[in-house]
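So this one's model.pdb, PDB, C-alpha atoms:
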ATOM      1  CA  MET A  27     -13.339  15.686  10.719
ATOM      2  CA  ALA A  28      -9.806  16.970  11.246
ATOM      3  CA  ALA A  29      -7.755  18.184   8.311
ATOM      4  CA  PRO A  30      -5.367  15.562   6.888
ATOM      5  CA  MET A  31      -1.656  15.776   7.619
ATOM      6  CA  THR A  32       0.444  17.374   4.895
ATOM      7  CA  GLU A  33       4.158  17.802   4.258
ATOM      8  CA  ALA A  34       4.015  21.107   6.101
ATOM      9  CA  ASP A  35       3.046  19.188   9.259
ATOM     10  CA  ILE A  36       6.050  16.858   9.222
ATOM     11  CA  ALA A  37       8.575  19.239  10.840
ATOM     12  CA  PRO A  38       6.195  20.272  13.668
ATOM     13  CA  LEU A  39       5.310  16.600  14.193
ATOM     14  CA  TYR A  40       8.961  15.628  14.633
ATOM     15  CA  GLU A  41       9.499  18.607  16.930
ATOM     16  CA  CYS A  42       6.521  17.502  19.007
ATOM     17  CA  LEU A  43       7.914  13.944  19.139
ATOM     18  CA  GLY A  44      11.234  15.317  20.385
ATOM     19  CA  ARG A  45       9.535  17.360  23.112
ATOM     20  CA  ALA A  46       7.445  14.340  24.145
ATOM     21  CA  LEU A  47      10.670  12.483  24.932
ATOM     22  CA  ASP A  48      11.902  15.277  27.187
ATOM     23  CA  PRO A  49      12.211  14.070  30.812
ATOM     24  CA  ASN A  50      10.878  17.402  32.083
ATOM     25  CA  PRO A  51       7.110  16.926  32.681
ATOM     26  CA  ALA A  52       6.456  20.604  31.949
ATOM     27  CA  VAL A  53       7.724  20.024  28.399
ATOM     28  CA  GLY A  54       6.771  16.378  27.835
ATOM     29  CA  LYS A  55       3.160  16.447  29.035
ATOM     30  CA  PRO A  56       1.933  19.202  26.654
ATOM     31  CA  ALA A  57       3.798  17.513  23.792
ATOM     32  CA  GLU A  58       2.074  14.206  24.545
ATOM     33  CA  GLU A  59      -1.297  15.970  24.462
ATOM     34  CA  GLY A  60      -0.307  17.567  21.147
ATOM     35  CA  LEU A  61       0.587  14.150  19.764
ATOM     36  CA  ALA A  62      -2.792  12.800  20.853
ATOM     37  CA  THR A  63      -4.553  15.486  18.798
ATOM     38  CA  LEU A  64      -2.238  14.930  15.820
ATOM     39  CA  GLU A  65      -2.820  11.186  15.986
ATOM     40  CA  ALA A  66      -6.527  11.693  15.245
ATOM     41  CA  ARG A  67      -5.747  13.451  11.960
ATOM     42  CA  PRO A  68      -5.801  11.425   8.723
ATOM     43  CA  GLY A  69      -2.315  10.709   7.432
ATOM     44  CA  PHE A  70      -0.643  10.652  10.856
ATOM     45  CA  CYS A  71       0.891   7.213  10.303
ATOM     46  CA  THR A  72       1.983   8.180   6.804
ATOM     47  CA  CYS A  73       3.994  11.064   8.201
ATOM     48  CA  LEU A  74       5.773   8.646  10.522
ATOM     49  CA  ALA A  75       6.236   6.080   7.667
ATOM     50  CA  ILE A  76       4.918   3.369   9.978
ATOM     51  CA  ALA A  77       2.676   1.956   7.262
ATOM     52  CA  ILE A  78       5.678   1.211   5.057
ATOM     53  CA  GLN A  79       7.507  -0.562   7.871
ATOM     54  CA  VAL A  80       4.454  -2.705   8.669
ATOM     55  CA  ALA A  81       4.056  -3.582   4.985
ATOM     56  CA  LEU A  82       7.723  -4.584   4.782
ATOM     57  CA  LEU A  83       7.363  -6.703   7.910
ATOM     58  CA  ILE A  84       4.294  -8.482   6.518
ATOM     59  CA  ALA A  85       6.186  -9.073   3.259
ATOM     60  CA  LYS A  86       9.144 -10.650   5.074
ATOM     61  CA  ILE A  87       6.816 -12.902   7.060
ATOM     62  CA  ALA A  88       4.956 -13.862   3.877
ATOM     63  CA  ARG A  89       8.241 -14.805   2.198
ATOM     64  CA  PHE A  90       8.706 -17.571   4.745
ATOM     65  CA  ASP A  91       5.106 -18.478   5.610
ATOM     66  CA  TYR A  92       3.314 -18.340   2.246
ATOM     67  CA  PRO A  93       1.820 -20.706   1.058
ATOM     68  CA  ARG A  94       2.384 -23.447   3.664
ATOM     69  CA  GLU A  95       1.760 -21.603   6.942
ATOM     70  CA  TRP A  96      -0.320 -18.717   5.579
ATOM     71  CA  PRO A  97      -2.318 -20.106   2.629
ATOM     72  CA  ASN A  98      -5.138 -17.560   2.919
ATOM     73  CA  LEU A  99      -2.882 -14.466   2.857
ATOM     74  CA  PHE A 100      -4.174 -13.080  -0.422
ATOM     75  CA  GLY A 101      -7.763 -14.085   0.284
ATOM     76  CA  ASP A 102      -7.623 -12.158   3.561
ATOM     77  CA  LEU A 103      -6.117  -9.097   1.881
ATOM     78  CA  LEU A 104      -8.690  -9.147  -0.926
ATOM     79  CA  GLY A 105     -11.471  -9.574   1.634
ATOM     80  CA  GLN A 106     -10.358  -6.406   3.419
ATOM     81  CA  LEU A 107     -10.644  -4.423   0.181
ATOM     82  CA  ALA A 108     -14.447  -4.573   0.416
ATOM     83  CA  THR A 109     -14.428  -1.673   2.895
ATOM     84  CA  ALA A 110     -15.169   1.842   1.687
ATOM     85  CA  ASP A 111     -12.260   3.338   3.647
ATOM     86  CA  VAL A 112      -9.915   4.780   1.013
ATOM     87  CA  LEU A 113      -6.938   4.973   3.400
ATOM     88  CA  LEU A 114      -7.348   1.343   4.459
ATOM     89  CA  ASN A 115      -7.561   0.278   0.812
ATOM     90  CA  GLN A 116      -4.420   2.279   0.079
ATOM     91  CA  ARG A 117      -2.598   0.486   2.901
ATOM     92  CA  ILE A 118      -3.774  -2.913   1.669
ATOM     93  CA  TYR A 119      -2.466  -2.153  -1.810
ATOM     94  CA  LEU A 120       0.826  -1.069  -0.229
ATOM     95  CA  VAL A 121       0.994  -4.430   1.570
ATOM     96  CA  LEU A 122       0.063  -6.276  -1.641
ATOM     97  CA  HIS A 123       2.816  -4.449  -3.534
ATOM     98  CA  ARG A 124       5.446  -5.261  -0.903
ATOM     99  CA  VAL A 125       4.376  -8.902  -0.529
ATOM    100  CA  LEU A 126       4.300  -9.475  -4.288
ATOM    101  CA  LYS A 127       7.668  -7.786  -4.702
ATOM    102  CA  GLU A 128       9.134 -10.007  -1.991
ATOM    103  CA  LEU A 129       7.588 -13.227  -3.320
ATOM    104  CA  SER A 130       8.652 -12.438  -6.879
ATOM    105  CA  THR A 131      12.315 -12.740  -5.853
ATOM    106  CA  LYS A 132      11.974 -16.400  -4.856
ATOM    107  CA  ARG A 133      13.660 -18.588  -7.467
ATOM    108  CA  LEU A 134      12.871 -22.179  -6.533
ATOM    109  CA  ASN A 135      10.580 -23.910  -9.018
ATOM    110  CA  HIS A 136       7.745 -24.565  -6.550
ATOM    111  CA  ASP A 137       7.894 -20.934  -5.357
ATOM    112  CA  GLN A 138       7.620 -19.670  -8.926
ATOM    113  CA  LYS A 139       4.629 -21.960  -9.515
ATOM    114  CA  ALA A 140       2.996 -20.590  -6.349
ATOM    115  CA  PHE A 141       3.612 -17.039  -7.613
ATOM    116  CA  ALA A 142       2.020 -17.948 -10.947
ATOM    117  CA  GLU A 143      -1.059 -19.174  -9.053
ATOM    118  CA  VAL A 144      -1.157 -15.915  -7.091
ATOM    119  CA  THR A 145      -0.956 -14.030 -10.377
ATOM    120  CA  SER A 146      -3.968 -15.869 -11.772
ATOM    121  CA  GLN A 147      -5.886 -15.084  -8.570
ATOM    122  CA  LEU A 148      -4.936 -11.400  -8.252
ATOM    123  CA  PHE A 149      -4.463 -10.070 -11.767
ATOM    124  CA  THR A 150      -8.141  -9.512 -12.621
ATOM    125  CA  PRO A 151      -9.159  -7.709  -9.392
ATOM    126  CA  LEU A 152      -6.007  -5.566  -9.412
ATOM    127  CA  TRP A 153      -6.485  -4.710 -13.076
ATOM    128  CA  SER A 154     -10.119  -3.750 -12.457
ATOM    129  CA  GLN A 155      -9.177  -1.513  -9.517
ATOM    130  CA  TRP A 156      -6.381   0.126 -11.506
ATOM    131  CA  GLN A 157      -8.804   0.860 -14.352
ATOM    132  CA  ALA A 158     -11.419   2.286 -11.957
ATOM    133  CA  ASP A 159      -8.818   4.499 -10.232
ATOM    134  CA  THR A 160      -7.538   5.679 -13.609
ATOM    135  CA  GLN A 161     -11.060   6.794 -14.519
ATOM    136  CA  ILE A 162     -11.450   8.590 -11.171
ATOM    137  CA  MET A 163      -8.162  10.397 -11.745
ATOM    138  CA  PHE A 164      -9.044  11.355 -15.332
ATOM    139  CA  GLN A 165     -12.302  12.850 -14.100
ATOM    140  CA  GLY A 166     -11.058  14.268 -10.789
ATOM    141  CA  ILE A 167      -7.888  16.087 -11.822
ATOM    142  CA  PRO A 168      -9.535  18.328 -14.453
ATOM    143  CA  ALA A 169     -12.500  18.876 -12.107
ATOM    144  CA  MET A 170     -10.112  20.170  -9.418
ATOM    145  CA  LEU A 171      -8.810  22.795 -11.803
ATOM    146  CA  THR A 172     -12.218  24.399 -12.276
ATOM    147  CA  PRO A 173     -13.200  27.279  -9.970
ATOM    148  CA  SER A 174     -16.240  25.459  -8.607
ATOM    149  CA  ALA A 175     -14.361  22.243  -7.808
ATOM    150  CA  SER A 176     -16.450  19.732  -5.891
ATOM    151  CA  VAL A 177     -13.615  17.225  -5.651
ATOM    152  CA  ASP A 178     -11.949  16.607  -2.296
ATOM    153  CA  PRO A 179      -8.188  16.970  -2.929
ATOM    154  CA  ALA A 180      -7.255  14.674  -0.024
ATOM    155  CA  GLU A 181      -9.528  11.922  -1.316
ATOM    156  CA  LEU A 182      -8.195  12.309  -4.845
ATOM    157  CA  MET A 183      -4.625  12.137  -3.515
ATOM    158  CA  ALA A 184      -5.487   8.915  -1.665
ATOM    159  CA  VAL A 185      -6.904   7.479  -4.912
ATOM    160  CA  CYS A 186      -3.686   8.468  -6.698
ATOM    161  CA  GLU A 187      -1.606   6.689  -4.051
ATOM    162  CA  ARG A 188      -3.792   3.581  -4.292
ATOM    163  CA  TRP A 189      -3.445   3.738  -8.098
ATOM    164  CA  ARG A 190       0.343   3.882  -7.745
ATOM    165  CA  PHE A 191       0.542   0.877  -5.400
ATOM    166  CA  CYS A 192      -1.881  -1.051  -7.572
ATOM    167  CA  LEU A 193       0.272  -0.314 -10.626
ATOM    168  CA  LYS A 194       3.410  -1.495  -8.816
ATOM    169  CA  ALA A 195       1.658  -4.710  -7.788
ATOM    170  CA  LEU A 196       0.508  -5.258 -11.378
ATOM    171  CA  CYS A 197       4.076  -4.741 -12.600
ATOM    172  CA  SER A 198       5.305  -7.485 -10.250
ATOM    173  CA  LEU A 199       2.577  -9.818 -11.477
ATOM    174  CA  VAL A 200       3.229  -9.136 -15.160
ATOM    175  CA  CYS A 201       7.026  -9.325 -14.911
ATOM    176  CA  PHE A 202       7.309 -12.385 -12.675
ATOM    177  CA  GLY A 203       3.919 -14.120 -12.557
ATOM    178  CA  PHE A 204       3.655 -15.249 -16.150
ATOM    179  CA  GLY A 205       5.987 -17.730 -17.768
ATOM    180  CA  SER A 206       8.482 -16.413 -20.291
ATOM    181  CA  ASP A 207       7.308 -16.369 -23.898
ATOM    182  CA  HIS A 208       9.875 -18.885 -25.047
ATOM    183  CA  LYS A 209       8.742 -21.398 -22.404
ATOM    184  CA  THR A 210       5.006 -20.888 -22.853
ATOM    185  CA  LEU A 211       5.101 -21.135 -26.666
ATOM    186  CA  GLN A 212       6.522 -24.641 -26.524
TER     187      GLN A 212
END

Produce structure tokens that represent the structure in this file.
Amino acid sequence: MAAPMTEADIAPLYECLGRALDPNPAVGKPAEEGLATLEARPGFCTCLAIAIQVALLIAKIARFDYPREWPNLFGDLLGQLATADVLLNQRIYLVLHRVLKELSTKRLNHDQKAFAEVTSQLFTPLWSQWQADTQIMFQGIPAMLTPSASVDPAELMAVCERWRFCLKALCSLVCFGFGSDHKTLQ
């Protein structure tokens, strides 16, 4: 398996992208081949920030289509979380965060009721995942600091990213998915 992309690879990646756009085939063709090898490395899309743009696009579509046109949005996203692919799970939590953030800004009464229903559906699985990732981080970070570390730093970093997106999604649910105390106490 190829080594994951790091911050040190960003500048060469952009340079390679620039050369790939060169009209001279002697420059463009080798750059395109270089991009093909880089594309196979984990984290390629992250370096290009494509994942964030796709998540934002899905969130904007969800703002208009959920719940009438896309009622199974959250069921589909939760169904995809069953895979063991850490990067895919991280991307799904990124999408969840962006969609929840977008839906939380809707102020009409029926939209707020729909968001409250989403909160009741998503809070428990998100909370469970956040707790599990917290445990992995508490065990993995000290283990990495020992000389005989058996922890994969790239995998631990992916867990940390998933933990962060999960936490952001939970914040949206807690802040906007539950009724205010003064309304719910009455």

>> What would the selection look like, as JSON, numbers by chain, if the PyMOL selection byres ((chain A and resi 142) around 9) were run on the coordinates I just shared?
In response: {"A": [137, 138, 139, 140, 141, 143, 144, 145, 146, 147, 199, 202, 203, 204, 205]}

Could those selected residues go to a file with C-alpha atoms, as a PDB file, in the coordinates of the input?
ATOM      1  CA  ASP A 137       7.894 -20.934  -5.357  1.00  0.00           C
ATOM      2  CA  GLN A 138       7.620 -19.670  -8.926  1.00  0.00           C
ATOM      3  CA  LYS A 139       4.629 -21.960  -9.515  1.00  0.00           C
ATOM      4  CA  ALA A 140       2.996 -20.590  -6.349  1.00  0.00           C
ATOM      5  CA  PHE A 141       3.612 -17.039  -7.613  1.00  0.00           C
ATOM      6  CA  GLU A 143      -1.059 -19.174  -9.053  1.00  0.00           C
ATOM      7  CA  VAL A 144      -1.157 -15.915  -7.091  1.00  0.00           C
ATOM      8  CA  THR A 145      -0.956 -14.030 -10.377  1.00  0.00           C
ATOM      9  CA  SER A 146      -3.968 -15.869 -11.772  1.00  0.00           C
ATOM     10  CA  GLN A 147      -5.886 -15.084  -8.570  1.00  0.00           C
ATOM     11  CA  LEU A 199       2.577  -9.818 -11.477  1.00  0.00           C
ATOM     12  CA  PHE A 202       7.309 -12.385 -12.675  1.00  0.00           C
ATOM     13  CA  GLY A 203       3.919 -14.120 -12.557  1.00  0.00           C
ATOM     14  CA  PHE A 204       3.655 -15.249 -16.150  1.00  0.00           C
ATOM     15  CA  GLY A 205       5.987 -17.730 -17.768  1.00  0.00           C
TER      16      GLY A 205
END

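Remark: residues at most 12 Å from position (11.6, -15.5, -5.0) in file coordinates are A:Ala85, A:Lys86, A:Ala88, A:Arg89, A:Phe90, A:Tyr92, A:Val125, A:Leu126, A:Lys127, A:Glu128, A:Leu129, A:Ser130, A:Thr131, A:Lys132, A:Arg133, A:Leu134, A:Asn135, A:His136, A:Asp137, A:Gln138, A:Lys139, A:Ala140, A:Phe141, A:Ala142, A:Ser198, A:Phe202, A:Gly203, using all atoms listed in the file.
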
Could you make a table, as a tab-separated table, of the residues of range 82-185 of chain A that have an atom within 10 Å of an atom of range 63-71 of chain A, each with its nearest atom pair and distance in Å to one decimal, counting only C-alpha atoms, in chain and number order?
residue	atom	partner	partner_atom	distance
A:Leu113	CA	A:Gly69	CA	8.4
A:Ala180	CA	A:Pro68	CA	9.4
A:Ala184	CA	A:Gly69	CA	9.8

>> Translate the PyMOL selection byres ((chain A and resi 185) around 10) into a concrete residue list for this structure, as a ChimeraX atom specification.
In response: /A:112-113,115-116,156,158-160,162-163,166,179-184,186-191

Ground truth for the PyMOL selection byres ((chain A and resi 80) around 12), written as a CSV table (one decimal) with C-alpha atoms, in the coordinates of the input:
chain,number,residue,atom,x,y,z
A,71,CYS,CA,0.9,7.2,10.3
A,72,THR,CA,2.0,8.2,6.8
A,74,LEU,CA,5.8,8.6,10.5
A,75,ALA,CA,6.2,6.1,7.7
A,76,ILE,CA,4.9,3.4,10.0
A,77,ALA,CA,2.7,2.0,7.3
A,78,ILE,CA,5.7,1.2,5.1
A,79,GLN,CA,7.5,-0.6,7.9
A,81,ALA,CA,4.1,-3.6,5.0
A,82,LEU,CA,7.7,-4.6,4.8
A,83,LEU,CA,7.4,-6.7,7.9
A,84,ILE,CA,4.3,-8.5,6.5
A,85,ALA,CA,6.2,-9.1,3.3
A,86,LYS,CA,9.1,-10.6,5.1
A,87,ILE,CA,6.8,-12.9,7.1
A,117,ARG,CA,-2.6,0.5,2.9
A,118,ILE,CA,-3.8,-2.9,1.7
A,120,LEU,CA,0.8,-1.1,-0.2
A,121,VAL,CA,1.0,-4.4,1.6
A,122,LEU,CA,0.1,-6.3,-1.6
A,124,ARG,CA,5.4,-5.3,-0.9
A,125,VAL,CA,4.4,-8.9,-0.5

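In this model, the gap between CA of Glu33 in chain A and CA of Leu61 in chain A comes to 16.3 Å.
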
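CA of Asp178 in chain A is positioned 11.3 Å from CA of Pro30 in chain A.
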
Box in all listed atoms of range 146-155 of chain A, axis-aligned, with 3 Å more on each side; write out centre and edge lengths in Å to one decimal as JSON.
{"center_x": -7.0, "center_y": -8.7, "center_z": -10.7, "size_x": 12.2, "size_y": 20.4, "size_z": 10.8}

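You will find CA of Leu148 in chain A at 8.0 Å from CA of Phe100 in chain A.
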
> For Gly44 in chain A, which residue among A:Pro168, A:Pro56, A:Pro151, A:Pro97 is the nearest when counting only C-alpha atoms?
Replying inline: A:Pro56

> Near Leu43 in chain A, within 8 Å and counting only C-alpha atoms, which residues show up once chain neighbours fewer than 3 positions away are dropped, as a list of chain:residue names?
Replying inline: A:Leu39, A:Tyr40, A:Ala46, A:Leu47, A:Ala57, A:Glu58, A:Leu61
